[in-house]
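What follows is the content of final.txt (compact mmCIF, C-alpha atoms).
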```txt
# COMPACT_ATOMS: atom_id res chain seq x y z
CA VAL A 30 17.68 -0.28 -21.89
CA PRO A 31 18.68 -3.55 -23.60
CA PHE A 32 15.40 -5.42 -23.88
CA PHE A 33 15.58 -9.18 -23.73
CA VAL A 34 13.65 -12.39 -23.10
CA ASN A 35 14.83 -15.10 -20.73
CA PRO A 36 13.44 -18.45 -21.90
CA THR A 37 14.02 -21.89 -20.41
CA LEU A 38 14.75 -24.59 -23.02
CA VAL A 39 14.32 -28.22 -22.03
CA SER A 40 15.54 -31.13 -24.13
CA SER A 41 14.67 -34.83 -24.10
CA ASN A 42 16.72 -37.23 -21.99
CA THR A 43 16.79 -39.83 -24.75
CA ARG A 44 17.24 -37.95 -28.05
CA PRO A 45 18.78 -34.61 -29.10
CA GLU A 46 16.28 -31.77 -29.41
CA LEU A 47 18.41 -28.63 -28.96
CA PHE A 48 20.90 -27.74 -31.68
CA LEU A 49 23.48 -24.98 -31.68
CA SER A 50 22.16 -23.62 -34.98
CA GLU A 51 18.71 -23.23 -33.41
CA LEU A 52 19.79 -22.16 -29.94
CA PHE A 53 17.76 -18.92 -29.89
CA PRO A 54 14.21 -19.75 -31.00
CA PRO A 55 11.55 -17.00 -31.05
CA PRO A 56 9.14 -16.83 -28.09
CA GLN A 57 6.28 -18.49 -30.01
CA ASN A 58 8.44 -21.62 -30.35
CA THR A 59 9.05 -21.87 -26.61
CA PRO A 60 5.50 -22.29 -25.25
CA GLY A 61 5.11 -21.97 -21.52
CA SER A 62 8.64 -20.80 -20.85
CA VAL A 63 8.72 -17.06 -21.59
CA GLY A 64 6.94 -15.27 -18.74
CA GLY A 65 6.99 -11.60 -19.68
CA ARG A 66 8.26 -8.70 -21.70
CA VAL A 67 8.93 -4.96 -21.38
CA ASP A 68 6.80 -2.40 -23.22
CA LEU A 69 9.09 -0.75 -25.80
CA ASN A 70 7.18 2.51 -25.24
CA ARG A 71 7.72 2.44 -21.49
CA ARG A 72 8.72 5.79 -20.01
CA THR A 73 9.83 7.06 -16.62
CA GLY A 74 6.94 7.82 -14.29
CA TYR A 75 6.65 11.09 -12.40
CA ILE A 76 5.19 12.47 -9.17
CA TYR A 77 3.68 15.86 -8.36
CA GLN A 78 4.14 17.05 -4.78
CA TYR A 79 2.30 20.08 -3.41
CA ASN A 80 1.69 21.68 -0.04
CA PHE A 81 0.87 24.89 1.75
CA THR A 82 1.35 25.64 5.44
CA PHE A 83 0.36 28.31 7.96
CA GLN A 84 2.41 28.81 11.13
CA HIS A 85 1.61 31.03 14.11
CA GLN A 86 3.33 31.51 17.46
CA LEU A 87 0.60 31.34 20.10
CA ARG A 88 2.91 32.32 22.95
CA SER A 89 6.59 32.22 23.70
CA GLY A 90 7.89 28.80 22.71
CA LEU A 91 4.53 27.42 21.46
CA LEU A 92 4.09 27.05 17.70
CA PHE A 93 0.82 26.19 15.95
CA GLU A 94 0.95 24.86 12.40
CA THR A 95 -1.73 23.73 9.97
CA GLY A 96 -1.74 22.97 6.29
CA PHE A 97 -2.36 20.65 3.39
CA ILE A 98 0.04 18.21 1.72
CA GLY A 99 -0.38 15.88 -1.21
CA ASN A 100 1.28 14.02 -4.00
CA THR A 101 0.10 12.36 -7.19
CA GLY A 102 2.01 9.66 -9.03
CA HIS A 103 1.47 9.23 -12.79
CA LYS A 104 2.57 6.53 -15.25
CA GLN A 105 4.28 4.46 -12.57
CA VAL A 106 5.80 1.19 -13.77
CA GLY A 107 4.14 -2.13 -13.01
CA PRO A 108 3.26 -5.50 -14.58
CA ILE A 109 0.14 -6.07 -16.67
CA LEU A 110 -1.20 -9.57 -17.36
CA VAL A 111 -1.72 -9.24 -21.10
CA ASN A 112 -2.71 -12.89 -21.63
CA GLN A 113 -5.34 -13.39 -18.96
CA PRO A 114 -8.04 -15.82 -20.17
CA ARG A 115 -11.46 -14.27 -20.65
CA LEU A 116 -14.50 -15.57 -18.78
CA PRO A 117 -15.78 -18.92 -20.08
CA SER A 118 -19.04 -18.81 -22.01
CA ASP A 119 -20.35 -21.69 -19.87
CA PRO A 120 -18.96 -21.68 -16.31
CA ASN A 121 -20.09 -25.27 -15.78
CA ASN A 122 -18.23 -26.48 -18.90
CA PRO A 123 -15.38 -23.97 -19.41
CA GLU A 124 -13.27 -23.94 -22.54
CA PRO A 125 -9.51 -24.51 -22.11
CA PHE A 126 -7.38 -21.49 -21.26
CA ALA A 127 -5.76 -21.51 -24.71
CA ALA A 128 -9.14 -21.01 -26.37
CA ARG A 129 -9.84 -17.93 -24.23
CA MET A 130 -6.40 -16.26 -24.34
CA PRO A 131 -5.30 -13.60 -26.89
CA TYR A 132 -1.94 -15.37 -27.28
CA PRO A 133 -2.56 -19.11 -26.93
CA ASN A 134 1.13 -20.01 -27.39
CA LEU A 135 2.08 -18.08 -24.24
CA ILE A 136 1.32 -18.84 -20.60
CA PRO A 137 -1.86 -17.40 -18.99
CA GLY A 138 0.21 -15.27 -16.62
CA PHE A 139 2.35 -13.67 -19.35
CA SER A 140 3.04 -10.12 -18.19
CA GLU A 141 4.18 -6.84 -19.67
CA THR A 142 6.06 -4.20 -17.71
CA ALA A 143 4.39 -0.91 -18.61
CA ASN A 144 3.23 2.47 -17.31
CA TYR A 145 -0.15 1.79 -15.82
CA GLN A 146 -0.01 2.43 -12.07
CA TRP A 147 -0.95 5.72 -10.43
CA SER A 148 -1.61 7.00 -6.91
CA ASN A 149 -3.08 10.04 -5.19
CA TYR A 150 -2.53 11.14 -1.57
CA ASN A 151 -4.05 14.20 0.10
CA ALA A 152 -3.93 15.19 3.75
CA ALA A 153 -4.75 18.06 6.11
CA PHE A 154 -2.89 18.36 9.39
CA LEU A 155 -2.69 20.24 12.70
CA LYS A 156 0.47 20.47 14.77
CA PHE A 157 1.50 21.99 18.11
CA GLU A 158 5.13 22.26 19.10
CA GLN A 159 6.13 23.39 22.58
CA ARG A 160 9.77 24.26 23.19
CA LEU A 161 11.16 23.48 26.65
CA LYS A 162 9.20 25.39 29.29
CA SER A 163 8.90 24.53 33.00
CA GLY A 164 10.64 21.26 32.22
CA LEU A 165 8.13 20.22 29.51
CA SER A 166 8.52 20.02 25.74
CA TYR A 167 6.26 18.24 23.30
CA THR A 168 5.12 17.90 19.71
CA ALA A 169 1.56 16.79 18.93
CA ALA A 170 0.14 16.35 15.43
CA TYR A 171 -3.09 15.07 13.87
CA THR A 172 -3.46 14.15 10.20
CA TYR A 173 -6.64 13.47 8.24
CA ALA A 174 -5.70 11.81 4.96
CA LYS A 175 -6.96 9.77 2.03
CA PHE A 176 -4.81 7.58 -0.20
CA ILE A 177 -6.18 5.96 -3.37
CA ASP A 178 -4.38 4.07 -6.12
CA SER A 179 -4.88 1.95 -9.21
CA GLY A 180 -4.99 -1.41 -7.46
CA GLY A 181 -1.34 -2.29 -6.89
CA PRO A 182 0.31 -5.41 -8.36
CA ALA A 183 -1.32 -7.06 -11.38
CA LEU A 184 -2.02 -10.28 -9.48
CA ASN A 185 -4.44 -8.32 -7.26
CA ILE A 186 -6.49 -7.13 -10.25
CA GLN A 187 -9.67 -9.02 -11.15
CA ASN A 188 -10.03 -8.12 -14.82
CA MET A 189 -7.03 -6.90 -16.81
CA TYR A 190 -9.34 -5.92 -19.68
CA ASP A 191 -11.10 -3.33 -17.49
CA ARG A 192 -8.91 -1.92 -14.73
CA ARG A 193 -11.13 1.06 -13.91
CA PRO A 194 -12.93 -0.74 -11.04
CA GLU A 195 -9.55 -1.16 -9.32
CA ARG A 196 -9.53 2.51 -8.36
CA GLY A 197 -10.07 2.63 -4.63
CA LEU A 198 -8.50 2.99 -1.23
CA ALA A 199 -4.88 1.88 -1.10
CA ASP A 200 -3.90 -0.96 1.21
CA THR A 201 -1.90 1.55 3.27
CA ASP A 202 -4.63 4.19 3.57
CA ILE A 203 -4.72 5.59 7.13
CA ARG A 204 -7.59 8.05 7.53
CA HIS A 205 -6.87 9.34 11.05
CA ASN A 206 -3.40 9.56 12.60
CA PHE A 207 -2.48 11.25 15.88
CA ILE A 208 1.06 11.19 17.23
CA ALA A 209 2.64 12.98 20.18
CA SER A 210 6.18 12.96 21.54
CA TYR A 211 7.01 14.53 24.88
CA VAL A 212 9.78 15.03 27.43
CA TYR A 213 9.12 16.15 31.02
CA ASP A 214 11.92 16.82 33.48
CA LEU A 215 10.58 15.96 36.92
CA PRO A 216 10.92 18.96 39.27
CA VAL A 217 12.98 17.01 41.76
CA GLY A 218 16.68 17.57 42.31
CA LYS A 219 19.25 20.18 43.05
CA GLY A 220 18.10 23.65 41.99
CA LYS A 221 14.58 22.48 41.05
CA ARG A 222 11.19 23.06 42.67
CA TRP A 223 11.78 20.29 45.15
CA ASN A 224 15.36 21.14 45.83
CA LEU A 225 17.50 18.29 47.11
CA GLN A 226 20.58 19.68 48.79
CA ASN A 227 21.82 16.30 49.92
CA SER A 228 24.09 14.90 47.19
CA ILE A 229 23.09 11.30 47.93
CA LEU A 230 19.37 12.04 47.72
CA ASP A 231 19.94 14.13 44.62
CA GLY A 232 21.88 11.27 43.03
CA VAL A 233 19.05 8.82 43.75
CA PHE A 234 15.90 10.94 43.20
CA GLY A 235 17.10 13.89 41.15
CA GLY A 236 17.52 14.30 37.40
CA TRP A 237 14.70 11.96 36.34
CA GLN A 238 12.45 12.60 33.37
CA ILE A 239 9.39 11.09 31.73
CA ASN A 240 9.35 10.82 27.95
CA GLY A 241 7.61 8.83 25.30
CA ILE A 242 5.85 8.63 21.93
CA THR A 243 2.11 8.00 21.74
CA ASN A 244 0.38 7.10 18.49
CA PHE A 245 -3.32 6.54 17.78
CA ARG A 246 -4.39 5.80 14.23
CA SER A 247 -7.26 4.20 12.36
CA GLY A 248 -6.87 0.82 10.73
CA MET A 249 -6.02 0.14 7.11
CA PRO A 250 -8.66 -1.22 4.70
CA ILE A 251 -8.94 -4.89 3.88
CA THR A 252 -10.44 -6.61 0.85
CA ILE A 253 -12.68 -9.66 1.14
CA THR A 254 -11.68 -12.17 -1.56
CA VAL A 255 -12.31 -15.82 -2.39
CA ALA A 256 -9.62 -18.37 -1.72
CA ASN A 257 -9.38 -19.77 -5.26
CA ASP A 258 -10.01 -18.88 -8.91
CA LEU A 259 -13.81 -19.03 -9.11
CA ALA A 260 -13.88 -17.06 -12.37
CA ASN A 261 -11.57 -19.62 -14.03
CA VAL A 262 -9.33 -16.95 -15.56
CA GLY A 263 -5.93 -18.07 -14.30
CA THR A 264 -5.65 -15.55 -11.44
CA GLY A 265 -7.16 -15.64 -7.97
CA GLY A 266 -8.31 -12.93 -5.60
CA GLN A 267 -11.76 -12.26 -7.02
CA ARG A 268 -13.59 -9.90 -4.69
CA ALA A 269 -16.73 -10.81 -2.79
CA ASP A 270 -20.13 -9.45 -3.79
CA ALA A 271 -21.93 -6.99 -1.52
CA THR A 272 -25.26 -8.26 -0.18
CA GLY A 273 -26.63 -4.83 0.75
CA ILE A 274 -26.12 -5.41 4.46
CA LYS A 275 -23.92 -2.71 5.98
CA PRO A 276 -20.46 -4.08 6.86
CA THR A 277 -20.12 -4.22 10.64
CA LYS A 278 -17.09 -4.76 12.82
CA LEU A 279 -17.44 -7.47 15.47
CA ASP A 280 -15.58 -8.14 18.67
CA PRO A 281 -13.63 -11.36 17.90
CA ARG A 282 -13.49 -12.21 21.60
CA THR A 283 -17.23 -12.85 21.63
CA ASN A 284 -17.83 -13.83 17.99
CA ASN A 285 -15.77 -16.98 17.51
CA LEU A 286 -12.69 -14.97 16.39
CA LEU A 287 -14.62 -13.24 13.58
CA GLY A 288 -13.84 -9.54 13.20
CA PHE A 289 -16.64 -8.60 10.78
CA ASP A 290 -20.17 -9.62 9.87
CA ARG A 291 -19.98 -12.20 7.09
CA ALA A 292 -23.61 -11.58 6.10
CA ALA A 293 -22.45 -8.38 4.31
CA TYR A 294 -20.55 -10.45 1.72
CA ALA A 295 -21.41 -13.23 -0.72
CA THR A 296 -19.47 -15.50 -3.04
CA PRO A 297 -19.04 -13.72 -6.42
```
Kindly transcribe the structure held in the file into structure tokens.
Amino acid sequence: VPFFVNPTLVSSNTRPELFLSELFPPPQNTPGSVGGRVDLNRRTGYIYQYNFTFQHQLRSGLLFETGFIGNTGHKQVGPILVNQPRLPSDPNNPEPFAARMPYPNLIPGFSETANYQWSNYNAAFLKFEQRLKSGLSYTAAYTYAKFIDSGGPALNIQNMYDRRPERGLADTDIRHNFIASYVYDLPVGKGKRWNLQNSILDGVFGGWQINGITNFRSGMPITITVANDLANVGTGGQRADATGIKPTKLDPRTNNLLGFDRAAYATP
């Protein structure tokens, strides 16, 4: 692809500073205005998908199915903050960002689009499918799954110099998922169990059905973070420390709208 930079050049209101002969300065001469670049070695990511399934007919019209499905994404494209300031040597008297950045002429949030994201999803499932019998048809399925990834967008990553701790449950991980869809023709009406010969009664009470979709699933994980940049590295979202107390869910109706025990977490 045609790689490019998109700088913003600002001149003085009182004297000329931009000249046609110098209209395209290199990035190091436009501090604070070039926000990112593309890795010249970037490649197209890829995904492996795999599954195996067993099916068995339990009786006429009733199918049982079980199996395993998964997919793994490698070298997916995402932004990396290549100029994140390192931790200050003295948190109470931190050095300026420029003194702690690899490229002091660029902004702290300077990013590079590269192949660094990956994901892994694996799931086992059970499924029953009943074709129409005695007025009832349904499909019911349960999935037990686990979804982990490399931490998502760069702004959610604590330390761009060590991204290994970002491996963990994805924000969209759903461990348990049950879903059922069903249609039941009520046995009331002409020619049915409760046969209504009268056309008026049949028009009012006959031909009704009950149908719906029911879904029960476990919640998605959340991450406890601080509200600001306590580490003083130019990006927020630093994760809380664990205190050793087991995280516990609370009923917010009786705990002042709190949904979890705050004693399990501490300021990092």
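Computed from the coordinates, the atom CA of Ala199 of chain A to atom CA of Tyr171 of chain A distance equals 20.0 Å.
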Tell me, as a list of chain:residue names, which residues lie within 10 Å of Ala292 of chain A, counting all atoms listed in the file; anything in the same chain fewer than 4 positions away does not count.
-> A:Ala271, A:Thr272, A:Gly273, A:Ile274, A:Lys275, A:Pro276, A:Thr277
Restricting the output to C-alpha atoms, write the selected residues as a CSV table (one decimal), keeping the file's coordinate frame.
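Wrote selection_11.csv, looks like this:
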```csv
chain,number,residue,atom,x,y,z
A,271,ALA,CA,-21.9,-7.0,-1.5
A,272,THR,CA,-25.3,-8.3,-0.2
A,273,GLY,CA,-26.6,-4.8,0.8
A,274,ILE,CA,-26.1,-5.4,4.5
A,275,LYS,CA,-23.9,-2.7,6.0
A,276,PRO,CA,-20.5,-4.1,6.9
A,277,THR,CA,-20.1,-4.2,10.6
```
Mind giving me the straight-line distance from atom CA of His205 of chain A to atom CA of Phe176 of chain A in Å, one decimal?
->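 Taking atom CA of His205 of chain A as the start and atom CA of Phe176 of chain A as the end point, the length is 11.6 Å.
With atom CA of Tyr173 of chain A on one side and atom CA of Ser247 of chain A on the other, the separation reads 10.2 Å.
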Please return, as number ranges by chain, all polymer residues that have at least one atom within 7 Å of the point (-17.8, -16.6, -0.9); use all atoms listed in the file and the file's own coordinate frame.
-> A: 255, 269, 295-297
